[in-house]
file query_22.cif (mmCIF, C-alpha atoms and all ligand atoms)
data_query
#
loop_
_atom_site.label_atom_id
_atom_site.label_comp_id
_atom_site.auth_asym_id
_atom_site.auth_seq_id
_atom_site.Cartn_x
_atom_site.Cartn_y
_atom_site.Cartn_z
CA MET A 1 0.00 0.00 0.00
CA ALA A 2 1.33 3.43 -0.92
CA LYS A 3 2.22 5.57 2.03
CA ALA A 4 -0.12 8.41 2.94
CA LYS A 5 1.07 11.94 2.19
CA VAL A 6 1.18 14.45 5.01
CA ALA A 7 1.86 18.17 4.65
CA THR A 8 2.29 20.61 7.52
CA THR A 9 2.76 24.34 7.89
CA SER A 10 2.99 27.02 10.53
CA LEU A 11 0.95 30.13 9.69
CA CYS A 12 0.75 32.67 12.53
CA GLY A 13 2.03 30.19 15.10
CA CYS A 14 5.19 29.73 17.19
CA PHE A 15 6.18 26.27 15.92
CA GLY A 16 5.17 24.88 19.31
CA CYS A 17 2.68 22.56 17.64
CA HIS A 18 5.39 21.25 15.33
CA MET A 19 7.63 20.74 18.36
CA SER A 20 4.81 18.77 19.96
CA LEU A 21 4.66 16.57 16.85
CA LEU A 22 8.38 15.85 17.27
CA ASP A 23 7.59 15.04 20.90
CA ILE A 24 6.08 11.72 19.80
CA ASP A 25 9.68 10.56 20.35
CA GLU A 26 10.54 7.12 18.97
CA ARG A 27 7.04 6.79 17.51
CA ILE A 28 8.39 9.01 14.74
CA LEU A 29 9.97 5.81 13.34
CA GLU A 30 6.50 4.26 13.16
CA LEU A 31 5.17 7.44 11.60
CA ILE A 32 7.66 7.41 8.73
CA GLU A 33 6.62 3.83 8.00
CA LEU A 34 3.07 5.14 7.53
CA VAL A 35 3.58 8.48 5.80
CA ASP A 36 5.70 10.50 3.41
CA PHE A 37 6.00 14.21 4.04
CA ASP A 38 4.98 16.66 1.35
CA ARG A 39 5.48 20.39 2.03
CA SER A 40 6.55 20.80 5.65
CA PRO A 41 9.13 22.70 7.72
CA ILE A 42 10.47 19.21 8.46
CA ASN A 43 11.83 18.83 4.88
CA ASP A 44 11.72 22.52 3.96
CA PHE A 45 9.71 22.08 0.74
CA LYS A 46 8.27 25.52 -0.05
CA GLU A 47 5.42 24.35 -2.29
CA ILE A 48 2.99 21.47 -2.13
CA GLN A 49 4.24 18.79 -4.56
CA GLY A 50 1.05 16.86 -5.24
CA PRO A 51 -2.20 15.56 -3.77
CA VAL A 52 -1.96 15.29 0.02
CA ASP A 53 -3.97 13.01 2.29
CA ILE A 54 -3.63 14.93 5.56
CA GLY A 55 -2.71 18.59 6.01
CA LEU A 56 -1.82 19.92 9.44
CA ILE A 57 -2.29 23.66 9.98
CA GLU A 58 -0.58 25.37 12.89
CA GLY A 59 -1.45 29.01 13.52
CA GLY A 60 -4.24 31.32 12.37
CA CYS A 61 -4.21 33.85 9.54
CA ALA A 62 -2.57 37.16 10.45
CA ASN A 63 -1.46 38.29 6.97
CA GLU A 64 -2.21 37.77 3.29
CA GLU A 65 0.50 35.16 2.90
CA ASN A 66 -1.06 33.03 5.66
CA VAL A 67 -4.35 33.13 3.75
CA LYS A 68 -2.69 32.08 0.47
CA VAL A 69 -0.85 29.18 2.10
CA LEU A 70 -4.00 28.03 3.87
CA GLN A 71 -5.95 28.14 0.61
CA GLU A 72 -3.17 26.21 -1.13
CA PHE A 73 -3.39 23.53 1.57
CA ARG A 74 -7.17 23.38 1.25
CA ARG A 75 -6.88 22.89 -2.51
CA HIS A 76 -4.46 19.98 -2.20
CA CYS A 77 -5.37 18.23 1.07
CA LYS A 78 -8.12 15.65 1.36
CA VAL A 79 -8.31 16.14 5.11
CA LEU A 80 -7.29 19.43 6.68
CA ILE A 81 -6.76 19.73 10.43
CA SER A 82 -6.49 22.80 12.64
CA VAL A 83 -3.73 21.94 15.09
CA GLY A 84 -3.54 24.02 18.25
CA ASP A 85 -5.34 27.00 19.73
CA CYS A 86 -3.87 29.56 17.28
CA ALA A 87 -5.38 27.76 14.29
CA ILE A 88 -8.63 27.27 16.20
CA ASN A 89 -9.16 30.67 17.80
CA GLY A 90 -6.22 32.86 16.78
CA GLY A 91 -4.39 32.19 20.06
CA ILE A 92 -1.89 34.64 21.51
CA PRO A 93 -1.49 36.57 18.21
CA ALA A 94 -5.24 37.30 18.35
CA MET A 95 -4.63 39.45 21.43
CA ARG A 96 -4.09 42.24 18.91
CA ASN A 97 -7.65 41.80 17.66
CA MET A 98 -8.94 44.11 20.37
CA VAL A 99 -6.61 46.90 19.21
CA PRO A 100 -7.10 48.79 15.91
CA LEU A 101 -4.45 47.82 13.33
CA ALA A 102 -3.10 51.39 13.03
CA GLU A 103 -2.39 51.41 16.78
CA CYS A 104 -0.59 48.06 16.50
CA TYR A 105 1.67 49.43 13.75
CA GLU A 106 2.36 52.57 15.73
CA GLU A 107 3.32 50.64 18.84
CA ALA A 108 5.49 48.14 16.93
CA PHE A 109 7.34 50.51 14.60
CA LEU A 110 7.03 54.08 15.87
CA LYS A 111 6.14 54.66 19.51
CA GLY A 112 6.90 51.46 21.42
CA PRO A 113 9.42 51.87 24.28
CA THR A 114 12.03 49.62 22.61
CA VAL A 115 11.63 50.92 19.05
CA VAL A 116 14.74 52.13 17.21
CA ASN A 117 13.54 53.32 13.82
CA PRO A 118 15.38 56.37 12.46
CA SER A 119 13.23 56.41 9.28
CA GLY A 120 10.16 57.14 11.41
CA LYS A 121 8.10 55.10 8.95
CA VAL A 122 6.18 51.86 9.12
CA PRO A 123 8.04 49.36 6.85
CA ASP A 124 6.09 48.91 3.62
CA ASP A 125 8.41 46.84 1.41
CA GLU A 126 6.34 44.77 -0.97
CA GLU A 127 8.22 41.64 0.18
CA ILE A 128 6.51 41.99 3.55
CA PRO A 129 3.06 40.40 3.53
CA LEU A 130 0.29 42.82 4.42
CA LEU A 131 -1.27 42.31 7.82
CA LEU A 132 -4.97 41.53 7.97
CA ASP A 133 -7.25 43.73 10.08
CA LYS A 134 -7.20 40.98 12.68
CA VAL A 135 -6.02 37.41 13.20
CA TYR A 136 -8.53 34.86 11.87
CA PRO A 137 -8.97 31.26 12.98
CA ALA A 138 -8.33 28.84 10.10
CA HIS A 139 -11.96 27.68 9.95
CA GLU A 140 -13.13 31.25 9.41
CA VAL A 141 -11.05 31.31 6.19
CA VAL A 142 -11.46 27.83 4.68
CA LYS A 143 -13.35 24.70 5.68
CA MET A 144 -11.44 22.65 8.25
CA ASP A 145 -12.25 18.98 8.77
CA TYR A 146 -10.90 18.43 12.30
CA HIS A 147 -9.75 20.53 15.23
CA LEU A 148 -7.14 19.46 17.75
CA PRO A 149 -7.07 22.09 20.48
CA GLY A 150 -4.23 22.68 22.92
CA CYS A 151 -1.34 25.07 23.34
CA PRO A 152 0.14 22.92 22.02
CA PRO A 153 -1.93 19.75 21.66
CA SER A 154 0.07 17.03 23.40
CA ALA A 155 2.17 14.56 21.41
CA ASP A 156 -0.29 11.85 22.50
CA THR A 157 -3.19 13.88 21.11
CA LEU A 158 -1.46 14.34 17.75
CA TRP A 159 -0.40 10.72 17.64
CA ALA A 160 -3.87 9.42 18.50
CA ALA A 161 -5.56 11.61 15.87
CA LEU A 162 -3.00 10.85 13.14
CA THR A 163 -2.95 7.10 13.68
CA ALA A 164 -6.76 7.00 13.75
CA LEU A 165 -6.94 8.82 10.42
CA LEU A 166 -4.14 6.77 8.85
CA THR A 167 -5.78 3.50 9.82
CA GLY A 168 -9.27 4.56 8.76
CA LYS A 169 -10.69 4.72 12.30
CA PRO A 170 -12.92 7.52 13.63
CA VAL A 171 -11.05 10.36 15.35
CA ASP A 172 -12.66 9.86 18.73
CA LEU A 173 -10.20 11.13 21.30
CA PRO A 174 -10.50 10.26 25.00
CA TYR A 175 -11.41 13.03 27.48
CA GLU A 176 -7.83 13.58 28.71
CA LEU A 177 -6.55 14.33 25.21
CA VAL A 178 -8.82 17.24 24.31
CA LYS A 179 -7.65 20.26 26.29
CA TYR A 180 -7.45 23.99 25.58
CA ASP A 181 -4.12 24.61 27.33
CA MET B 1 -40.90 21.73 55.13
CA SER B 2 -43.18 18.74 54.68
CA ASP B 3 -41.57 15.40 54.05
CA ARG B 4 -44.11 14.43 51.41
CA ARG B 5 -42.27 13.16 48.36
CA ILE B 6 -42.87 14.64 44.92
CA ALA B 7 -42.53 11.90 42.30
CA PHE B 8 -41.57 12.72 38.72
CA THR B 9 -39.29 11.37 36.02
CA ILE B 10 -36.15 12.58 34.25
CA ASP B 11 -35.41 10.76 30.99
CA GLY B 12 -37.68 8.00 32.26
CA ARG B 13 -35.83 7.61 35.56
CA LYS B 14 -37.95 7.93 38.71
CA ILE B 15 -36.98 10.88 40.91
CA GLU B 16 -38.34 11.86 44.30
CA ALA B 17 -38.08 15.48 45.30
CA ARG B 18 -38.72 17.13 48.62
CA ALA B 19 -41.15 20.04 48.70
CA GLY B 20 -39.44 23.25 47.68
CA GLN B 21 -36.74 21.59 45.60
CA THR B 22 -36.07 22.60 42.03
CA VAL B 23 -35.70 20.05 39.24
CA LEU B 24 -31.93 20.64 39.29
CA GLU B 25 -31.61 20.03 43.04
CA ALA B 26 -33.82 16.95 43.06
CA ALA B 27 -31.95 15.56 40.07
CA GLU B 28 -28.60 16.14 41.74
CA GLU B 29 -29.73 14.38 44.92
CA ALA B 30 -30.84 11.42 42.82
CA GLY B 31 -27.49 11.23 41.01
CA VAL B 32 -28.59 12.90 37.77
CA TYR B 33 -26.41 15.73 36.51
CA VAL B 34 -28.15 18.65 34.85
CA PRO B 35 -25.40 20.84 33.32
CA ARG B 36 -25.41 24.33 34.86
CA LEU B 37 -23.28 27.43 34.93
CA CYS B 38 -24.95 30.39 36.66
CA TRP B 39 -26.33 28.12 39.40
CA MET B 40 -24.25 27.62 42.52
CA LYS B 41 -25.10 25.68 45.66
CA GLY B 42 -26.12 28.09 48.41
CA LEU B 43 -27.13 30.98 46.11
CA THR B 44 -30.57 32.06 44.93
CA PRO B 45 -30.97 30.64 41.40
CA ALA B 46 -30.93 33.28 38.68
CA GLY B 47 -31.98 31.37 35.56
CA ALA B 48 -29.54 33.50 33.59
CA CYS B 49 -27.35 31.23 31.45
CA ARG B 50 -29.87 28.63 30.17
CA VAL B 51 -27.24 25.89 30.19
CA CYS B 52 -29.57 23.90 32.48
CA THR B 53 -32.45 23.99 30.00
CA VAL B 54 -34.57 20.82 30.18
CA ARG B 55 -37.96 20.02 28.70
CA VAL B 56 -40.73 19.86 31.29
CA ASN B 57 -43.82 18.17 29.83
CA GLY B 58 -42.45 19.22 26.45
CA ARG B 59 -41.72 22.87 27.29
CA PRO B 60 -38.19 24.26 27.64
CA GLN B 61 -37.53 25.45 31.22
CA SER B 62 -34.44 26.24 33.24
CA ALA B 63 -34.03 23.35 35.68
CA CYS B 64 -32.39 25.61 38.28
CA THR B 65 -35.54 27.73 38.71
CA GLN B 66 -38.23 25.14 37.91
CA PRO B 67 -39.87 23.78 41.09
CA ALA B 68 -40.36 20.03 41.09
CA ALA B 69 -44.03 19.05 40.72
CA PRO B 70 -45.75 15.66 40.90
CA GLY B 71 -46.00 13.72 37.66
CA MET B 72 -43.70 15.99 35.65
CA ILE B 73 -42.03 14.40 32.68
CA VAL B 74 -38.57 15.95 32.35
CA GLU B 75 -36.16 15.46 29.46
CA ASN B 76 -32.54 16.21 30.27
CA ASP B 77 -29.90 14.22 28.41
CA THR B 78 -31.35 14.21 24.89
CA GLU B 79 -29.49 15.02 21.68
CA GLU B 80 -31.67 18.10 21.17
CA LEU B 81 -30.86 19.54 24.60
CA ARG B 82 -27.18 18.64 24.39
CA GLU B 83 -27.07 20.54 21.10
CA LEU B 84 -28.79 23.55 22.66
CA ARG B 85 -26.38 23.58 25.61
CA ARG B 86 -23.43 23.21 23.26
CA ASP B 87 -24.66 26.27 21.37
CA VAL B 88 -24.97 28.32 24.55
CA ILE B 89 -21.42 27.38 25.58
CA ASP B 90 -20.17 28.12 22.05
CA MET B 91 -21.70 31.58 22.19
CA LEU B 92 -20.17 32.30 25.60
CA PHE B 93 -16.77 31.47 24.12
CA VAL B 94 -17.03 33.64 21.03
CA GLU B 95 -18.55 36.67 22.73
CA GLY B 96 -15.67 37.01 25.20
CA ASN B 97 -11.90 36.69 24.95
CA HIS B 98 -11.12 33.33 26.52
CA PHE B 99 -7.40 32.76 26.17
CA CYS B 100 -7.29 29.43 27.97
CA MET B 101 -3.59 28.92 27.25
CA PHE B 102 -2.50 31.54 29.78
CA CYS B 103 -5.48 31.67 32.14
CA GLU B 104 -4.77 30.74 35.76
CA LYS B 105 -8.22 29.21 36.02
CA SER B 106 -7.64 26.78 33.15
CA GLY B 107 -8.29 23.22 34.27
CA ALA B 108 -10.65 24.39 37.02
CA CYS B 109 -12.86 26.67 34.91
CA GLU B 110 -16.50 25.60 34.68
CA LEU B 111 -17.01 27.15 31.23
CA GLN B 112 -14.02 25.30 29.83
CA ALA B 113 -15.05 22.10 31.62
CA LEU B 114 -18.51 22.27 30.07
CA ALA B 115 -16.94 22.71 26.63
CA TYR B 116 -14.82 19.59 27.32
CA ARG B 117 -17.84 17.65 28.53
CA PHE B 118 -19.77 18.55 25.40
CA GLY B 119 -16.82 17.66 23.18
CA ILE B 120 -16.37 21.13 21.67
CA ALA B 121 -13.10 21.17 19.70
CA ALA B 122 -13.84 24.54 18.05
CA PRO B 123 -16.80 26.91 18.25
CA LYS B 124 -19.09 27.04 15.26
CA TYR B 125 -19.79 30.77 15.56
CA PRO B 126 -17.35 33.53 14.52
CA PHE B 127 -15.29 35.13 17.29
CA MET B 128 -16.27 38.67 18.25
CA PHE B 129 -13.04 39.77 19.99
CA PRO B 130 -14.70 42.52 22.04
CA ARG B 131 -12.64 45.12 23.86
CA ARG B 132 -13.08 44.62 27.61
CA GLU B 133 -11.55 46.39 30.60
CA LEU B 134 -9.30 44.95 33.28
CA ASP B 135 -9.44 46.15 36.89
CA ALA B 136 -6.24 45.56 38.86
CA SER B 137 -6.83 48.38 41.37
CA HIS B 138 -7.32 46.04 44.34
CA PRO B 139 -4.11 44.90 46.07
CA ASP B 140 -5.21 41.23 46.29
CA ILE B 141 -7.84 40.63 43.59
CA PHE B 142 -8.27 41.45 39.92
CA ILE B 143 -11.17 41.45 37.48
CA ASP B 144 -10.45 40.39 33.90
CA ARG B 145 -13.68 41.17 32.09
CA ASN B 146 -12.38 39.41 28.96
CA ARG B 147 -13.34 36.20 30.77
CA CYS B 148 -16.63 37.33 32.33
CA ILE B 149 -19.71 35.41 31.16
CA LEU B 150 -22.21 37.56 33.09
CA CYS B 151 -23.46 34.68 35.21
CA GLY B 152 -24.01 36.95 38.19
CA ARG B 153 -22.60 34.47 40.72
CA CYS B 154 -20.27 37.11 42.19
CA VAL B 155 -23.17 39.55 42.43
CA ARG B 156 -25.29 37.10 44.41
CA ALA B 157 -22.43 35.66 46.47
CA SER B 158 -21.31 39.11 47.58
CA GLN B 159 -24.82 39.93 48.78
CA GLU B 160 -25.98 36.58 50.06
CA LEU B 161 -22.77 35.08 51.47
CA ASP B 162 -20.50 38.05 52.22
CA GLY B 163 -23.23 40.48 53.32
CA LYS B 164 -21.81 43.14 50.99
CA HIS B 165 -22.77 44.54 47.61
CA VAL B 166 -19.47 44.75 45.77
CA PHE B 167 -20.64 43.66 42.30
CA ASP B 168 -23.52 44.44 40.01
CA PHE B 169 -24.32 44.68 36.32
CA VAL B 170 -24.42 47.86 34.24
CA GLY B 171 -25.39 48.32 30.58
CA ARG B 172 -27.60 46.19 28.40
CA GLY B 173 -27.28 43.58 25.67
CA ARG B 174 -23.76 43.24 24.31
CA ASP B 175 -22.65 46.25 26.40
CA LYS B 176 -23.66 44.62 29.67
CA ARG B 177 -20.72 44.21 32.00
CA ILE B 178 -19.85 43.50 35.59
CA ALA B 179 -19.28 46.67 37.63
CA VAL B 180 -18.14 47.36 41.18
CA ASP B 181 -19.44 49.51 43.97
CA ALA B 182 -16.88 52.35 43.55
CA GLU B 183 -16.03 54.84 40.83
CA ALA B 184 -12.29 54.21 41.04
CA GLY B 185 -12.50 50.42 40.79
CA LEU B 186 -12.40 47.31 42.94
CA GLY B 187 -9.61 48.72 45.13
CA ASP B 188 -11.99 51.34 46.50
CA THR B 189 -14.68 48.84 47.52
CA ASP B 190 -14.89 46.81 50.73
CA CYS B 191 -14.10 43.64 48.78
CA ALA B 192 -11.62 41.43 50.65
CA ALA B 193 -9.43 38.58 49.40
CA THR B 194 -11.37 36.24 51.71
CA ASP B 195 -14.75 37.08 50.12
CA ARG B 196 -16.73 34.07 48.95
CA ALA B 197 -17.65 36.11 45.85
CA ILE B 198 -14.16 35.53 44.47
CA ASP B 199 -14.52 31.74 44.66
CA ALA B 200 -18.02 31.99 43.19
CA CYS B 201 -16.68 33.03 39.77
CA PRO B 202 -16.84 29.99 37.47
CA THR B 203 -14.24 31.43 35.09
CA GLY B 204 -10.97 33.29 35.50
CA SER B 205 -12.70 36.66 35.58
CA LEU B 206 -12.31 37.15 39.34
CA LEU B 207 -9.03 35.88 40.71
CA ARG B 208 -6.69 36.42 43.63
CA LYS B 209 -3.34 37.94 42.79
CA ARG B 210 -0.06 36.09 43.39
CA VAL B 211 -1.64 32.64 43.22
CA GLY B 212 -0.96 31.94 39.56
CA PHE B 213 -0.68 28.37 38.38
CA ALA B 214 -0.64 26.75 41.81
CA VAL B 215 -1.92 23.31 40.80
CA PRO B 216 0.16 21.39 38.24
CA VAL B 217 -1.37 20.35 34.91
CA GLY B 218 -2.83 16.87 35.29
CA ARG B 219 -4.01 17.43 38.86
CA ARG B 220 -6.48 20.26 38.32
CA GLU B 221 -10.17 19.74 38.96
CA PHE B 222 -11.28 18.86 35.43
CA ASP B 223 -8.06 17.47 33.96
CA ARG B 224 -9.18 13.83 34.17
CA GLN B 225 -12.87 13.80 35.07
CA PRO B 226 -15.61 15.63 33.18
CA ILE B 227 -17.54 18.22 35.15
CA GLY B 228 -20.59 16.63 36.78
CA SER B 229 -19.07 13.17 37.14
CA ASP B 230 -19.00 13.65 40.93
CA ILE B 231 -22.79 13.96 40.81
CA GLU B 232 -23.69 11.16 38.41
CA ARG B 233 -24.68 7.78 39.87
CA PRO B 234 -26.31 4.90 38.03
CA ALA B 235 -30.04 4.52 38.73
CA ALA B 236 -30.76 2.33 41.75
CA ALA B 237 -32.18 -1.07 40.87
CA GLU B 238 -35.96 -1.09 41.33
S1 LIG A 301 -17.08 38.09 37.24
FE1 LIG A 301 -17.27 35.84 37.26
S2 LIG A 301 -18.93 35.45 38.76
FE2 LIG A 301 -19.07 37.62 38.19
S3 LIG A 301 -20.56 37.68 36.50
FE3 LIG A 301 -18.50 37.54 35.56
S4 LIG A 301 -18.14 35.31 35.23
FE4 LIG A 301 -19.89 35.52 36.70
S1 LIG A 302 -27.87 27.20 35.67
FE1 LIG A 302 -29.97 27.40 35.24
S2 LIG A 302 -30.07 29.12 33.93
FE2 LIG A 302 -27.94 29.05 34.50
#
call {"tool": "encode", "arguments": {"input": "query_22.cif", "output": "structure tokens", "more": "lines below"}}
Ligand code: SF4
Ligand code: FES
result
Amino acid sequence: MAKAKVATTSLCGCFGCHMSLLDIDERILELIELVDFDRSPINDFKEIQGPVDIGLIEGGCANEENVKVLQEFRRHCKVLISVGDCAINGGIPAMRNMVPLAECYEEAFLKGPTVVNPSGKVPDDEEIPLLLDKVYPAHEVVKMDYHLPGCPPSADTLWAALTALLTGKPVDLPYELVKYD
Amino acid sequence: MSDRRIAFTIDGRKIEARAGQTVLEAAEEAGVYVPRLCWMKGLTPAGACRVCTVRVNGRPQSACTQPAAPGMIVENDTEELRELRRDVIDMLFVEGNHFCMFCEKSGACELQALAYRFGIAAPKYPFMFPRRELDASHPDIFIDRNRCILCGRCVRASQELDGKHVFDFVGRGRDKRIAVDAEAGLGDTDCAATDRAIDACPTGSLLRKRVGFAVPVGRREFDRQPIGSDIERPAAAE
């Protein structure tokens, strides 16, 4: 049987969820028996190579690039999973959602106590993705098939969900594995 | 109080209430958990959150305010009512700013515990991200209104258990918020760190300072057992 394809990405996240995936320890040897990785920070592919069975999304959408990547994943992934609180509710980055965007820029680039910015301007190079008005959970941008909450979800949670999906079983996690912190 | 028993059923199970008991209290005594949030043992029920909604002879009622009556047919744990409760909890999450990942109450929060019990992995409604005020003016207590669900437990506990009137609501609809009995904030009220009102808060909205994350993850109240499992008992054999 051909191995399943898995792709992963970190949008507006801290890579904590990816670290939690690595936390499955020696089970990673079992995992690579079951899957091949498509685009992922683990192999550093920048584009999705082909059809993907399972896409893991860490982080919400804070800028236009996040939205494009998420849409690319949705196009290519049969099953798309929000991994972690940032993908599910915006997480820590969404703390800026209560502050108007102009004020965020001002604080970060002009008036903040640690700012050194002789130009006195907000950077606007076209290489820098434009920020969205606020940070959006993944499921408010595209359809997500599963949600694995946690900051980060534990290695056991990720392992249980992945192995269930890879072996065609329902993703029915026990009480201890679904937590918001 | 008379000791005449009031017989009724919940999901077909026979329950006997004492006169004066509500459906929620009689159910609890019989080992049936009716999910609740604004209700707290020892406080006047407020019927505010609707998490305890049951059907009484077919009509939706809040179990925490509904007096038990003979012959009532109560539905509690049905798919329809679980769905309704899930929706209420969902809405409470999206209309506030509940950052569980850094909240000291996480693991012991009744709102979060209900979401766990109902298997909510993500809310189905869009987040509102409202702007809410913090009050850190008291030396020993703070109010983080981002986490307030307007249950009114602090309002009632302050009056009924502490003999004070520290908290009350101001505003209406989406502008409704918890307020304190002093212009300058909580620090100017007679609220004390020992007040029962602080413990009455089901979320992390009212907390004592310098306590932080005292209980390790894994040993907190709802880490291993769903909320309500201390109440639930199988029906006695007849
Ligand atoms: S502060 Fe706490 S107890 Fe008071 S109304 Fe808000 S959530 Fe309820
Ligand atoms: S517990 Fe009954 S309405 Fe809130």
call {"tool": "closest_atom_pairs", "arguments": {"input": "query_22.cif", "of": "chain B", "to": "chain A", "cutoff": "12 Å", "atoms": "all atoms listed in the file", "output": "CSV"}}
result
residue,atom,partner,partner_atom,distance
B:Phe93,CA,A:Asn89,CA,9.9
B:Val94,CA,A:Asn89,CA,9.0
B:Gly96,CA,A:Met98,CA,10.9
B:Asn97,CA,A:Met95,CA,8.5
B:His98,CA,A:Asn89,CA,9.3
B:Phe99,CA,A:Gly91,CA,6.8
B:Cys100,CA,A:Asp181,CA,5.8
B:Met101,CA,A:Asp181,CA,4.3
B:Phe102,CA,A:Asp181,CA,7.5
B:Cys103,CA,A:Asp181,CA,8.7
B:Glu104,CA,A:Asp181,CA,10.4
B:Lys105,CA,A:Asp181,CA,10.7
B:Ser106,CA,A:Asp181,CA,7.1
B:Gly107,CA,A:Asp181,CA,8.2
B:Ala108,CA,A:Asp181,CA,11.7
B:Cys109,CA,A:Tyr180,CA,11.1
B:Leu111,CA,A:Tyr180,CA,11.5
B:Gln112,CA,A:Tyr180,CA,7.9
B:Ala113,CA,A:Lys179,CA,9.3
B:Leu114,CA,A:Lys179,CA,11.7
B:Ala115,CA,A:Lys179,CA,9.6
B:Tyr116,CA,A:Val178,CA,7.1
B:Arg117,CA,A:Tyr175,CA,8.0
B:Phe118,CA,A:Tyr175,CA,10.2
B:Gly119,CA,A:Val178,CA,8.1
B:Ile120,CA,A:Val178,CA,8.9
B:Ala121,CA,A:His147,CA,5.6
B:Ala122,CA,A:Ile88,CA,6.2
B:Pro123,CA,A:Ile88,CA,8.4
B:Lys124,CA,A:His139,CA,8.9
B:Tyr125,CA,A:Glu140,CA,9.1
B:Pro126,CA,A:Glu140,CA,7.0
B:Phe127,CA,A:Asn89,CA,7.6
B:Met128,CA,A:Asn97,CA,9.2
B:Phe129,CA,A:Met98,CA,6.0
B:Pro130,CA,A:Met98,CA,6.2
B:Arg131,CA,A:Met98,CA,5.2
B:Arg132,CA,A:Met98,CA,8.4
B:Glu133,CA,A:Met98,CA,10.8
B:Asn146,CA,A:Met98,CA,10.4
B:Val217,CA,A:Asp181,CA,9.1
B:Gly218,CA,A:Glu176,CA,8.9
B:Arg219,CA,A:Glu176,CA,11.5
B:Arg220,CA,A:Glu176,CA,11.8
B:Phe222,CA,A:Glu176,CA,9.2
B:Asp223,CA,A:Glu176,CA,6.5
B:Arg224,CA,A:Glu176,CA,5.6
B:Gln225,CA,A:Tyr175,CA,7.8
B:Pro226,CA,A:Tyr175,CA,7.5
B:Ile227,CA,A:Tyr175,CA,11.1
call {"tool": "write_last_selection", "arguments": {"input": "query_22.cif", "atoms": "C-alpha atoms", "output": "short mmCIF file (atom, residue, chain, number, x, y, z; two decimals), in the frame of the given file"}}
result
data_model
loop_
_atom_site.label_atom_id
_atom_site.label_comp_id
_atom_site.auth_asym_id
_atom_site.auth_seq_id
_atom_site.Cartn_x
_atom_site.Cartn_y
_atom_site.Cartn_z
CA PHE B 93 -16.77 31.47 24.12
CA VAL B 94 -17.03 33.64 21.03
CA GLY B 96 -15.67 37.01 25.20
CA ASN B 97 -11.90 36.69 24.95
CA HIS B 98 -11.12 33.33 26.52
CA PHE B 99 -7.40 32.76 26.17
CA CYS B 100 -7.29 29.43 27.97
CA MET B 101 -3.59 28.92 27.25
CA PHE B 102 -2.50 31.54 29.78
CA CYS B 103 -5.48 31.67 32.14
CA GLU B 104 -4.77 30.74 35.76
CA LYS B 105 -8.22 29.21 36.02
CA SER B 106 -7.64 26.78 33.15
CA GLY B 107 -8.29 23.22 34.27
CA ALA B 108 -10.65 24.39 37.02
CA CYS B 109 -12.86 26.67 34.91
CA LEU B 111 -17.01 27.15 31.23
CA GLN B 112 -14.02 25.30 29.83
CA ALA B 113 -15.05 22.10 31.62
CA LEU B 114 -18.51 22.27 30.07
CA ALA B 115 -16.94 22.71 26.63
CA TYR B 116 -14.82 19.59 27.32
CA ARG B 117 -17.84 17.65 28.53
CA PHE B 118 -19.77 18.55 25.40
CA GLY B 119 -16.82 17.66 23.18
CA ILE B 120 -16.37 21.13 21.67
CA ALA B 121 -13.10 21.17 19.70
CA ALA B 122 -13.84 24.54 18.05
CA PRO B 123 -16.80 26.91 18.25
CA LYS B 124 -19.09 27.04 15.26
CA TYR B 125 -19.79 30.77 15.56
CA PRO B 126 -17.35 33.53 14.52
CA PHE B 127 -15.29 35.13 17.29
CA MET B 128 -16.27 38.67 18.25
CA PHE B 129 -13.04 39.77 19.99
CA PRO B 130 -14.70 42.52 22.04
CA ARG B 131 -12.64 45.12 23.86
CA ARG B 132 -13.08 44.62 27.61
CA GLU B 133 -11.55 46.39 30.60
CA ASN B 146 -12.38 39.41 28.96
CA VAL B 217 -1.37 20.35 34.91
CA GLY B 218 -2.83 16.87 35.29
CA ARG B 219 -4.01 17.43 38.86
CA ARG B 220 -6.48 20.26 38.32
CA PHE B 222 -11.28 18.86 35.43
CA ASP B 223 -8.06 17.47 33.96
CA ARG B 224 -9.18 13.83 34.17
CA GLN B 225 -12.87 13.80 35.07
CA PRO B 226 -15.61 15.63 33.18
CA ILE B 227 -17.54 18.22 35.15
#
call {"tool": "residues_around", "arguments": {"input": "query_22.cif", "residues": "range 198-205 of chain B", "least_positions_apart": "5", "cutoff": "6 Å", "atoms": "all atoms listed in the file", "output": "number ranges by chain"}}
result
B: 105, 109-110, 143-145, 147-148, 153-154
call {"tool": "residues_around", "arguments": {"input": "query_22.cif", "residues": "Ala2 in chain A", "least_positions_apart": "4", "cutoff": "10 Å", "atoms": "all atoms listed in the file", "output": "ChimeraX atom specification"}}
result
/A:34-36
call {"tool": "residues_around", "arguments": {"input": "query_22.cif", "residues": "range 65-69 of chain B", "least_positions_apart": "5", "cutoff": "10 Å", "atoms": "all atoms listed in the file", "output": "number ranges by chain"}}
result
B: 5-8, 15-27, 39, 44-48, 52-54, 56, 74
call {"tool": "atom_distance", "arguments": {"input": "query_22.cif", "atom1": "CA of Met144 in chain A", "atom2": "CA of Leu80 in chain A"}}
result
5.5 Å
call {"tool": "axis_aligned_box", "arguments": {"input": "query_22.cif", "around": "ligand LIG 302 (chain A)", "padding_each_side": "5 Å", "output": "lines of an AutoDock Vina configuration file"}}
result
center_x = -29.0
center_y = 28.2
center_z = 34.8
size_x = 12.2
size_y = 11.9
size_z = 11.7
call {"tool": "atom_distance", "arguments": {"input": "query_22.cif", "atom1": "CA of Cys151 in chain B", "atom2": "CA of Val88 in chain B"}}
result
12.5 Å
call {"tool": "residues_around", "arguments": {"input": "query_22.cif", "residues": "Phe73 in chain A", "least_positions_apart": "2", "cutoff": "10 Å", "atoms": "all atoms listed in the file", "output": "list in words"}}
result
Ala7, Thr8, Thr9, Arg39, Glu47, Ile48, Pro51, Val52, Ile54, Gly55, Leu56, Ile57, Val67, Lys68, Val69, Leu70, Gln71, Arg75, His76, Cys77, Lys78, Val79, Leu80 and Val142 of chain A
